[in-house]
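Visitor: Sending over a structure as structure tokens; questions will come in a sec.
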Amino acid sequence: MESPHQPTAAPATPDFWRSLDERALTPEFHERLVREFPFVATLAPSELDRRHFVKLMGASIALAGMTGCVRRSVDKIVPYVVAPETAIPGRPDYYATAMTVEGFARGIVVDSHEGRPTKIEGNPDHPESLGATDAITQAAILSLYDPDRSRGPRSKAGTGDWAAFESEWAKHQGALLTAQGEGLALLIEPTSSPSLRRELQRILEHFPKARWYQHTPLAAYETGGVQADYDFAQADVILTIGSDCLYRHPAALRYSRAFAGRRRVENGRVRMNRFYALESTPTVTGTLADFRLPASPARMRVVLNAIALAIAHNPPSAGDLSPAEMNFVRALADDLRQHAPAVVCIAGAEEDADIQRWALALNAHSGAGGKTVRFLASQRSDSDRASAGDLTALGGAMRRGEVTRLFILGSNPVYTAPADLDFAGLLSKIAFSVHHGSHADETAALCTWHLPESHWLETWGDLRAYDGTATILQPLIERLFDTRSSLEILRLLTAPPGTQAYDMVHETWQHESSGSDFDVHWSRWLNAGVVDGSAAPAIAGPAVDGSFPVLTPPTTEASPVLILQPDATILDGRWANNAWLQELPKPLTQLVWDNAALVSPAFASRLGIASGDLLALSVGLQTLDAAAWIMPGQADDCITLSLGYGRTAAGSVGTGRGFDAYRLRTTEALWRRSGLQVRKIGGRYALVTTQQHFSMEGRDLVRVVPPDALSVPPPVANPTLYPAWKSSGYAWGMSIDLSTCLGCNACIVACQAENNIAVVGKDQVARGRQMHWIRVDTYFEGDPANPRVVHQPVPCMQCENAPCELVCPVGATTHSSEGLNDMVYNRCVGTRYCSNNCPYKVRRFNFFDLRPSPDALSILQQNPNVTVRERGVMEKCTYCVQRINAARITAEKEDRPIRDGEIKTACQQACPAEAIVFGNLADPESKVSRRKREPTNYLLLEDLNTRPRTTYLAKVRHPAGGTAS
Amino acid sequence: MVKLHDPSSDGPNRPSDPPESDRQLFSARASTFFRFSLIGAILVIVGSGIAASAYFHSASRYGVGFAPAQPVPFSHRLHAGELKIDCRNCHAAVETSAFAGMPATETCQACHSQLLTDAPQLKPVMESSARKVPLEWNRVTRLPDHVYFDHSIHVNKGVGCTTCHGDVGHMDRLAQSEPLTMRWCLDCHRNPGPSLRPASSVFSATTPSTRLGPPPAELIRSYQIHVANLTDCSTCHH
């Protein structure tokens with residue numbers, strides 16, 4: 001049968017490609033393609049002859065019979081003595097609270113099953129969540145049950161408890177009081193918590209000569225006490241300069257939601273914006289751009305100067321710019337002129353200050369202020385006047401001997417300090433140093449005392465979101481270990497022990513709220529997860545007149561520039577011990593468990609390096625060996641390395657993985673360092689990526705259409721001998737919009753948390769045995785120097801003619817009356833025929849017993865409504881059938897049909913861009929039915945006639961024409 | 001067995017063969033004995049197969065009659081049968097949750113802080129209440145971990161308590177009454193009508209002697225039971 005969408009002959013270089021190996025069609029790639037599981041062959045024992053085989057089989061059959069001889073054990077049912085008033089055993093409760101995202105609040109709702117928090121969802125009433133979450137928020141629940149969390153206070157001498165610490169502190173306290181706190185220093189991450197800031201104020205009043213320093217290895221989202229906030233819904237033209245604002249930003253979820261609204265096809269129409277990205281290293285946000293220009297930090301300045309000139313009708317001279325740069329500048333300048341003031345320009349927080357000013361100038365020049373751009377007072381304490389400065393200031397004070405007693409709260413400066421500060425050396429000279437943190441980390445090892453910190457799901461607190469909205473944090477669970485919160489530690493400095501965080505937060509808000517009925521307000525705030533009317537008002541922005549600063553390119557253009565960036569999953573290293581985030585493929589590289597030095601394909605060929613080669617990086621006095629990764633779309637002449645790896649005391653999961661980029665950082669150059677020397681040192685390092693696994697042989701799996709021709713070829717009705725699927729009742733289906741999918745991978749972790757999906761480790765991922773039920777494939781298109789990118793989430797397609805069902809010898813995978821492709825774990829015998837026959841490669845197999853042991857802490861996280869799979873069974877996406885069943889039971893008890901939108905799959909619920917819609921196809925007015933009627937609807941591998949229930953909407957993007965990129 | 005003459009074994013080195021009459025090693029009786037032992041062996045094999053099968057399909061194999069001793073000799077016969085205390089008084093979550101719920105000690109104490117406070121049988125309850133240590137009951141009705149059973153939907157759709165838990169109103173010590181096998185579940189999921197009751201008698205503590213209420217088809221209609229998906233694997237396994 002002729003298939004309409006199959007390439008007629010293998011093209012010399014494919015249009016869409018998923019890795020550089022595939023594009024070059026190397027023999028290794030071919031080998032991988034042909035032998036689907038190349039690793040299996042190596043596992044067959046070669047020395048096993050027939051005689052031994054029969055012996056082993058005989059023994060296993062004999063032993064198998066033994067299992068029938070187990071007597072029934074007696075289970076216990078343990079009811080309450082006094083039942084909590086509202087608790088219904090077997091039904092989850094939901095509590096609204098917030099987690100901190102780089103010091104800001106993100107509103108969440110936490111599922112609690114009989115007192116154990118199991119899953120985090122976004123709070124729909126919170127302006128910085130809108131019901132969505134990102135990958136880190138989804139994974140945060142696992143850190144509550146991290147077995148490496150520190151469990152009690154520890155002094156340098158060895159053991160210790162709270163009483164010992166308190167009595168030791170009491171001695172220091174007396175001495176400090178007489179000295180008015182001279183020599184006392186506090187180091188805290190910038191925070192938005194009103195209670196914490198109030199407490200700091202109290203300490204500074206109590207000890208007037210004490211100093212409060214702030215440190216975060218990440219960039220600030222403000223300048224001079226002012227934050228900019230953008231309205232992506234109203235912006236017709238967007239320019240990002242090295243900014244990943246839709247992926248990693250305190251307001252990323254709100255921005256993504258608004259951005260997606262301008263990319264979604266609804267009723268055959270789309271109100272498209274035009275998105276330009278200028279960046280040195282590919283970002284998730286940049287992959288969504290219509291026009292993307294990779295530029296090294298030096299070229300970026302040249303291009304920005306040219307844009308400034310072009311807006312003022314001074315065409316750039318061709319000598320300065322390459323053709324690609326020229327096209328980008330021209331097209332952008334035209335668009336900016338035409339669409340002002342509906343313009344947003346946002347520069348990455350890591351970019352230099354003059355580039356930030358340039359972005360502000362463009363917004364001012366376009367008249368965007370008050371329309372698409374507004375300004376707020378800083379919600380975080382970065383510019384607090386009471387603060388004595390950052391880590392460099394503290395380092396100076398320590399070097400001068402001005403610090404005799406140091407408290408480090410929730411920060412890990414020994415690991416995150418710039419290399420030239422030698423913070424470890426300075427810290428070891430402090431007579432009395434206290435570290436308060438969740439883990440006994442690198443800093444804890446050098447402090448006189450380490451005090452364990454309560455998890456934010458175990459204690460009271462408060463935080464403000466990027467837009468100012470405040471949330472009261474409420475505990476979901478009794479403290480698992482003998483820990484205290486940072487509020488309680490701070491209170492200990494000035495008051496006798498015993499004050500609870502609850503009283504402190506209650507006090508703060510009683511103070512804040514003027515009216516009566518405080519207790520009524522308080523319960524409403526707790527219930528809703530937001531404090532009414534606490535959003536910050538817009539203020540006048542910084543005085544910018546719209547004239548562009550002239551950006552001077554650095555003179556040392558010849559040598560490559562080192563770019564440091566927060567890691568896509570473990571950020572600055574604080575999530576290093578979270579196994580879900582370590583195993584989550586990093587967007588674009590799809591690397592797991594490691595970071596790597598990203599180099600452009602041209603740079604790599606000049607140096608003769610391949611992905612996985614070890615490089616010696618040296619810049620100034622600092623050196624580091626790191627493995628290279630060839631990154632399509634990386635600007636030439638720069639190497640990007642992410643922070644957060646190479647930790648020495650992260651815990652059992654995070655210690656000793658990857659390469660410590662902090663060793664190349666200096667106080668002067670936190671994010672960009674020119675003068676980098678790169679040398680290949682000959683060794684290889686095993687980088688593991690999910691990129692090439694489960695490749696789909698170059699068929700047109702992703703489709704891209706321009707906004708003025710919104711249609712794809714209609715599905716072809718292939719002749720078939722199978723009877724048409726007859727549905728009775730509900731018919732579940734899903735639609736995934738490639739146009740709005742950001743590629744943020746939040747859906748992967750959401751699915752993992754919901755469905756008790758195991759972590760397998762780097763070695764197993766290298767063998768292609770990762771367990772994620774939904775994956776996000778990244779497809780590159782065109783020139784490797786600047787490819788266009790499409791992300792495609794692939795869960796189970798729930799085919800009506802499911803190939804997997806036909807080949808199962810034991811009927812372990814069958815079709816439900818509502819069109820679900822059911823997987824029955826207790827029937828599965830592990831032949832893996834179904835996986836072999838699945839054209840979408842969405843089935844996962846338990847090669848090992850990956851269940852947590854019954855006494856493991858992480859077992860508390862498991863969803864009680866999903867079977868925990870044992871060794872030797874297949875598993876796959878179920879469309880979250882446990883949620884379908886729960887909704888069905890609720891609806892049937894109320895004698896009504898299930899409402900549209902009542903069931904949200906875990907991936908759908910997490911998605912900030914609302915790219916995934918699930919619902920009943922039998923209802924023509926359901927959201928999913930309406931989406932499937934859009935002209936861009938298509939089926940994955942439709943020529944196989946599997947009739948998938950999961951379908952896609954083609955990606956809509958302005959054609960690259962007009963720019964040479 | 002008769003050893004037959006094998007001409008191929010005749011060789012030049014062999015001693016002279018015995019005479020024809022001496023070549024019979026076994027007598028005629030031996031072969032009769034052999035026939036009987038063969039029949040006997042077959043009988044033993046078949047018989048043990050039948051016995052094993054009977055055992056594997058017997059009710060007791062699946063725990064019917066399993067009645068562990070409980071920390072408190074609580075009598076359903078007395079409380080539910082004779083005193084006619086509603087099931088939901090103690091199993092309060094049965095209409096709203098998957099789990100029917102077990103009474104907290106304070107539920108027992110609602111009456112027994114006044115009644116029979118000195119009874120030795122109730123000592124564990126008093127101790128639990130005083131020391132705030134929960135009672136540990138022994139589970140009688142158990143489904144495997146990979147089965148997700150929801151009490152609330154069953155009682156809301158006309159399946160009576162005694163349909164699965166047996167005639168608790170006549171049991172002093174609670175015993176498992178049904179095999180709770182997948183086949184037993186499916187018998188009803190394929191054809192739920194005969195097991196349904198009108199809503200008024202769902203919480204009856206004793207098994208009714210005759211089928212109650214309207215005909216099965218009418219009950220299925222009035223409870224709006226969608227039979228097609230009752231046998232989907234994912235209805236119970238997820």
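Letters A, B, ... go to the chains of the structure tokens in the order shown; residues in each chain start at 1; ligands are counted from 1 in the same order.
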DSSP on the backbone, then: every residue of range 162-225 of chain A marked helix (DSSP H, G or I), written as a ChimeraX atom specification.

Guide: /A:162-178,194-206

Visitor: Write the residues of the selection above to a file with C-alpha atoms, as a PDB file, in the first residue's frame.

Guide:
ATOM      1  CA  TRP A 162      18.904  21.112  69.879  1.00  0.00           C
ATOM      2  CA  ALA A 163      19.403  21.544  73.620  1.00  0.00           C
ATOM      3  CA  ALA A 164      23.188  21.468  73.213  1.00  0.00           C
ATOM      4  CA  PHE A 165      23.032  24.042  70.435  1.00  0.00           C
ATOM      5  CA  GLU A 166      20.681  26.280  72.364  1.00  0.00           C
ATOM      6  CA  SER A 167      22.872  26.265  75.443  1.00  0.00           C
ATOM      7  CA  GLU A 168      25.954  27.018  73.362  1.00  0.00           C
ATOM      8  CA  TRP A 169      24.155  29.835  71.571  1.00  0.00           C
ATOM      9  CA  ALA A 170      22.967  31.295  74.878  1.00  0.00           C
ATOM     10  CA  LYS A 171      26.622  31.949  75.790  1.00  0.00           C
ATOM     11  CA  HIS A 172      27.279  33.745  72.497  1.00  0.00           C
ATOM     12  CA  GLN A 173      24.032  35.628  72.801  1.00  0.00           C
ATOM     13  CA  GLY A 174      25.083  37.235  76.067  1.00  0.00           C
ATOM     14  CA  ALA A 175      28.411  38.339  74.639  1.00  0.00           C
ATOM     15  CA  LEU A 176      26.735  39.676  71.499  1.00  0.00           C
ATOM     16  CA  LEU A 177      24.199  41.706  73.445  1.00  0.00           C
ATOM     17  CA  THR A 178      26.890  43.673  75.216  1.00  0.00           C
ATOM     18  CA  PRO A 194       7.144  39.084  54.728  1.00  0.00           C
ATOM     19  CA  SER A 195       7.594  37.188  57.989  1.00  0.00           C
ATOM     20  CA  LEU A 196      11.236  36.419  57.292  1.00  0.00           C
ATOM     21  CA  ARG A 197      11.963  40.022  56.399  1.00  0.00           C
ATOM     22  CA  ARG A 198      10.156  41.188  59.495  1.00  0.00           C
ATOM     23  CA  GLU A 199      12.217  38.821  61.597  1.00  0.00           C
ATOM     24  CA  LEU A 200      15.449  40.063  60.023  1.00  0.00           C
ATOM     25  CA  GLN A 201      14.366  43.597  60.858  1.00  0.00           C
ATOM     26  CA  ARG A 202      13.811  42.512  64.445  1.00  0.00           C
ATOM     27  CA  ILE A 203      17.264  41.003  64.662  1.00  0.00           C
ATOM     28  CA  LEU A 204      18.884  44.142  63.296  1.00  0.00           C
ATOM     29  CA  GLU A 205      17.015  46.209  65.894  1.00  0.00           C
ATOM     30  CA  HIS A 206      18.077  43.817  68.630  1.00  0.00           C
TER      31      HIS A 206
END

Visitor: Report as a list in words the set of chain A residues whose atoms approach chain B to within 7 Å, with distances computed over only C-alpha atoms.

Guide: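 Here they are: Val74, Asp75, Lys76, Ile77, Val78, Pro79, Tyr80, Val81, Val82, Ala83, Ile88, Pro89, Gly90, Arg91, Ser816, Ser817, Asp822, Val824, Asn826, Val866, Thr867, Val881, Gln882, Asn885, Ile889 and Lys893 of chain A.
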
Visitor: Can you spit out the residues from that selection as an mmCIF file, in the first residue's frame, using N, CA and C atoms?

Guide:
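Contents of again-v8.cif, as written:
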data_model
loop_
_atom_site.group_PDB
_atom_site.id
_atom_site.type_symbol
_atom_site.label_atom_id
_atom_site.label_comp_id
_atom_site.auth_asym_id
_atom_site.auth_seq_id
_atom_site.Cartn_x
_atom_site.Cartn_y
_atom_site.Cartn_z
ATOM 1 N N VAL A 74 -2.120 -12.583 58.175
ATOM 2 C CA VAL A 74 -3.223 -11.754 58.653
ATOM 3 C C VAL A 74 -2.806 -10.284 58.578
ATOM 4 N N ASP A 75 -3.568 -9.492 57.814
ATOM 5 C CA ASP A 75 -3.314 -8.055 57.744
ATOM 6 C C ASP A 75 -3.990 -7.369 58.919
ATOM 7 N N LYS A 76 -3.470 -6.210 59.248
ATOM 8 C CA LYS A 76 -4.078 -5.443 60.337
ATOM 9 C C LYS A 76 -4.839 -4.252 59.762
ATOM 10 N N ILE A 77 -5.939 -3.923 60.358
ATOM 11 C CA ILE A 77 -6.621 -2.667 60.067
ATOM 12 C C ILE A 77 -6.528 -1.833 61.332
ATOM 13 N N VAL A 78 -5.951 -0.651 61.189
ATOM 14 C CA VAL A 78 -5.720 0.172 62.376
ATOM 15 C C VAL A 78 -6.510 1.472 62.236
ATOM 16 N N PRO A 79 -7.670 1.551 62.856
ATOM 17 C CA PRO A 79 -8.448 2.801 62.767
ATOM 18 C C PRO A 79 -7.911 3.854 63.729
ATOM 19 N N TYR A 80 -8.468 5.032 63.636
ATOM 20 C CA TYR A 80 -8.085 6.109 64.558
ATOM 21 C C TYR A 80 -8.583 5.809 65.968
ATOM 22 N N VAL A 81 -8.015 6.492 66.947
ATOM 23 C CA VAL A 81 -8.621 6.494 68.283
ATOM 24 C C VAL A 81 -9.690 7.587 68.304
ATOM 25 N N VAL A 82 -9.282 8.776 67.869
ATOM 26 C CA VAL A 82 -10.229 9.871 67.689
ATOM 27 C C VAL A 82 -10.098 10.305 66.232
ATOM 28 N N ALA A 83 -11.141 10.124 65.439
ATOM 29 C CA ALA A 83 -11.033 10.414 64.015
ATOM 30 C C ALA A 83 -10.997 11.917 63.789
ATOM 31 N N ILE A 88 -12.000 11.699 55.444
ATOM 32 C CA ILE A 88 -12.707 10.504 55.007
ATOM 33 C C ILE A 88 -11.642 9.528 54.541
ATOM 34 N N PRO A 89 -11.460 8.416 55.238
ATOM 35 C CA PRO A 89 -10.383 7.514 54.841
ATOM 36 C C PRO A 89 -10.587 7.039 53.407
ATOM 37 N N GLY A 90 -9.515 7.034 52.625
ATOM 38 C CA GLY A 90 -9.616 6.601 51.237
ATOM 39 C C GLY A 90 -9.844 7.732 50.270
ATOM 40 N N ARG A 91 -10.113 8.923 50.775
ATOM 41 C CA ARG A 91 -10.287 10.062 49.867
ATOM 42 C C ARG A 91 -9.223 11.099 50.141
ATOM 43 N N SER A 816 -10.664 -1.365 26.189
ATOM 44 C CA SER A 816 -11.833 -1.137 27.031
ATOM 45 C C SER A 816 -12.974 -0.642 26.159
ATOM 46 N N SER A 817 -14.159 -0.689 26.706
ATOM 47 C CA SER A 817 -15.333 -0.293 25.930
ATOM 48 C C SER A 817 -15.299 1.190 25.590
ATOM 49 N N ASP A 822 -6.051 -0.871 27.631
ATOM 50 C CA ASP A 822 -5.754 -1.201 29.027
ATOM 51 C C ASP A 822 -4.515 -2.074 29.148
ATOM 52 N N VAL A 824 -2.882 -4.676 31.882
ATOM 53 C CA VAL A 824 -3.179 -5.387 33.123
ATOM 54 C C VAL A 824 -1.894 -6.005 33.637
ATOM 55 N N ASN A 826 -1.034 -7.550 36.373
ATOM 56 C CA ASN A 826 -1.001 -8.848 37.034
ATOM 57 C C ASN A 826 -1.174 -10.001 36.054
ATOM 58 N N VAL A 866 -2.656 3.831 42.061
ATOM 59 C CA VAL A 866 -1.985 3.250 40.899
ATOM 60 C C VAL A 866 -1.119 2.096 41.379
ATOM 61 N N THR A 867 -1.258 0.939 40.718
ATOM 62 C CA THR A 867 -0.477 -0.235 41.079
ATOM 63 C C THR A 867 1.013 0.061 40.924
ATOM 64 N N VAL A 881 -6.105 6.449 33.978
ATOM 65 C CA VAL A 881 -7.409 5.790 34.106
ATOM 66 C C VAL A 881 -7.929 5.846 35.541
ATOM 67 N N GLN A 882 -7.007 5.987 36.519
ATOM 68 C CA GLN A 882 -7.485 6.108 37.900
ATOM 69 C C GLN A 882 -8.277 7.395 38.089
ATOM 70 N N ASN A 885 -11.704 6.774 36.412
ATOM 71 C CA ASN A 885 -12.573 5.965 37.260
ATOM 72 C C ASN A 885 -13.104 6.769 38.441
ATOM 73 N N ILE A 889 -17.068 7.442 39.053
ATOM 74 C CA ILE A 889 -17.777 7.051 40.276
ATOM 75 C C ILE A 889 -18.500 8.261 40.869
ATOM 76 N N LYS A 893 -22.589 8.500 41.052
ATOM 77 C CA LYS A 893 -23.269 8.644 42.341
ATOM 78 C C LYS A 893 -24.223 9.836 42.316
#

Visitor: Compile the contact shell of Leu742 in chain A as a ChimeraX atom specification: residues with an atom at most 9 Å away, counting only C-alpha atoms, same-chain residues fewer than 5 positions apart removed.

Guide: /A:246-247,256,260,284-285,287-288,790-791,912-913,915

Visitor: Based on the selection just made, write C-alpha atoms of those residues as a short mmCIF file (atom, residue, chain, number, x, y, z; two decimals), in the first residue's frame.

Guide:
data_model
loop_
_atom_site.label_atom_id
_atom_site.label_comp_id
_atom_site.auth_asym_id
_atom_site.auth_seq_id
_atom_site.Cartn_x
_atom_site.Cartn_y
_atom_site.Cartn_z
CA LEU A 246 8.89 31.06 29.19
CA TYR A 247 10.83 28.30 30.90
CA SER A 256 3.68 30.74 28.80
CA ALA A 260 0.35 30.13 23.94
CA VAL A 284 13.59 26.43 25.42
CA THR A 285 12.02 29.82 24.79
CA THR A 287 13.11 27.20 20.12
CA LEU A 288 9.62 28.69 19.85
CA VAL A 790 9.76 21.32 17.12
CA HIS A 791 8.91 19.56 20.39
CA PRO A 912 1.45 25.71 31.38
CA ALA A 913 0.58 26.23 27.70
CA ALA A 915 -1.11 22.16 24.83
#

Visitor: Rounded to one decimal, what separation in Å do you get between CA of Leu551 in chain A and CA of Ala604 in chain A?

Guide: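 Pair CA of Leu551 in chain A / CA of Ala604 in chain A returns 28.8 Å.
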
Visitor: What is the CA of Arg263 in chain A to CA of Ile736 in chain A distance in Å?

Guide: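 We find that CA of Arg263 in chain A and CA of Ile736 in chain A lie 13.3 Å from each other.
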
Visitor: Mind giving me the straight-line distance from CA of Ile307 in chain A to CA of Pro323 in chain A in Å, one decimal?

Guide: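 Computing it gives 14.1 Å between the two atoms.
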
Visitor: Excluding range 72-78 of chain B and residues on its chain fewer than 5 positions from it, collect all residues at most 8 Å away from it, counting only C-alpha atoms, and give them as a list in words.

Guide: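 Residues meeting the cut-off are Leu83, Gln121, Leu122, Pro124, Val125, Val168, Gly169, His170, Met171, Asp172, Arg173 and Leu174 of chain B.
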
Visitor: Dump C-alpha atoms for the selected residues as a PDB file, in the first residue's frame?

Guide:
ATOM      1  CA  LEU B  83     -29.772  -4.252  68.081  1.00  0.00           C
ATOM      2  CA  GLN B 121     -14.091  -8.243  76.739  1.00  0.00           C
ATOM      3  CA  LEU B 122     -14.120  -4.480  76.367  1.00  0.00           C
ATOM      4  CA  PRO B 124      -8.848  -3.354  74.987  1.00  0.00           C
ATOM      5  CA  VAL B 125     -11.328  -0.645  73.950  1.00  0.00           C
ATOM      6  CA  VAL B 168     -23.126 -10.653  59.099  1.00  0.00           C
ATOM      7  CA  GLY B 169     -26.309 -10.164  61.076  1.00  0.00           C
ATOM      8  CA  HIS B 170     -26.025 -13.790  62.158  1.00  0.00           C
ATOM      9  CA  MET B 171     -22.245 -13.932  62.730  1.00  0.00           C
ATOM     10  CA  ASP B 172     -20.691 -13.620  66.142  1.00  0.00           C
ATOM     11  CA  ARG B 173     -17.171 -13.707  64.845  1.00  0.00           C
ATOM     12  CA  LEU B 174     -16.960 -12.289  61.364  1.00  0.00           C
TER      13      LEU B 174
END

Visitor: Give me the residues within 9 Å of Leu850 in chain A as an NGL selection string, counting only C-alpha atoms and dropping any in the same chain fewer than 6 places off.

Guide: :A and (758-760 or 869-871)

Visitor: For Phe203 in chain B, find every residue with an atom within 8 Å (counting only C-alpha atoms), except residues of its own chain fewer than 3 positions away, and show them as a list in words.

Guide: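 The filter keeps Asp86, Cys87, Arg88, Gly160, Cys161 and Ser200 of chain B.
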
Visitor: Compile the contact shell of range 219-230 of chain A as a PDB file with C-alpha atoms, in the first residue's frame: residues with an atom at most 7 Å away, counting only C-alpha atoms, same-chain residues fewer than 6 positions apart removed.

Guide:
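Wrote it out as out.pdb, contents follow:
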ATOM      1  CA  VAL A 344       7.885  43.237  24.247  1.00  0.00           C
ATOM      2  CA  ALA A 349      18.609  38.051  33.768  1.00  0.00           C
ATOM      3  CA  GLU A 350      22.102  36.672  33.150  1.00  0.00           C
ATOM      4  CA  THR A 372       2.739  45.522  27.265  1.00  0.00           C
ATOM      5  CA  VAL A 373       5.357  46.346  29.878  1.00  0.00           C
ATOM      6  CA  ARG A 374       4.713  47.528  33.413  1.00  0.00           C
ATOM      7  CA  PHE A 375       6.919  47.961  36.415  1.00  0.00           C
ATOM      8  CA  LEU A 376       6.505  46.724  39.977  1.00  0.00           C
ATOM      9  CA  ALA A 377       8.386  47.314  43.168  1.00  0.00           C
ATOM     10  CA  SER A 378      10.811  44.455  43.731  1.00  0.00           C
ATOM     11  CA  SER A 383      17.605  45.742  47.039  1.00  0.00           C
TER      12      SER A 383
END
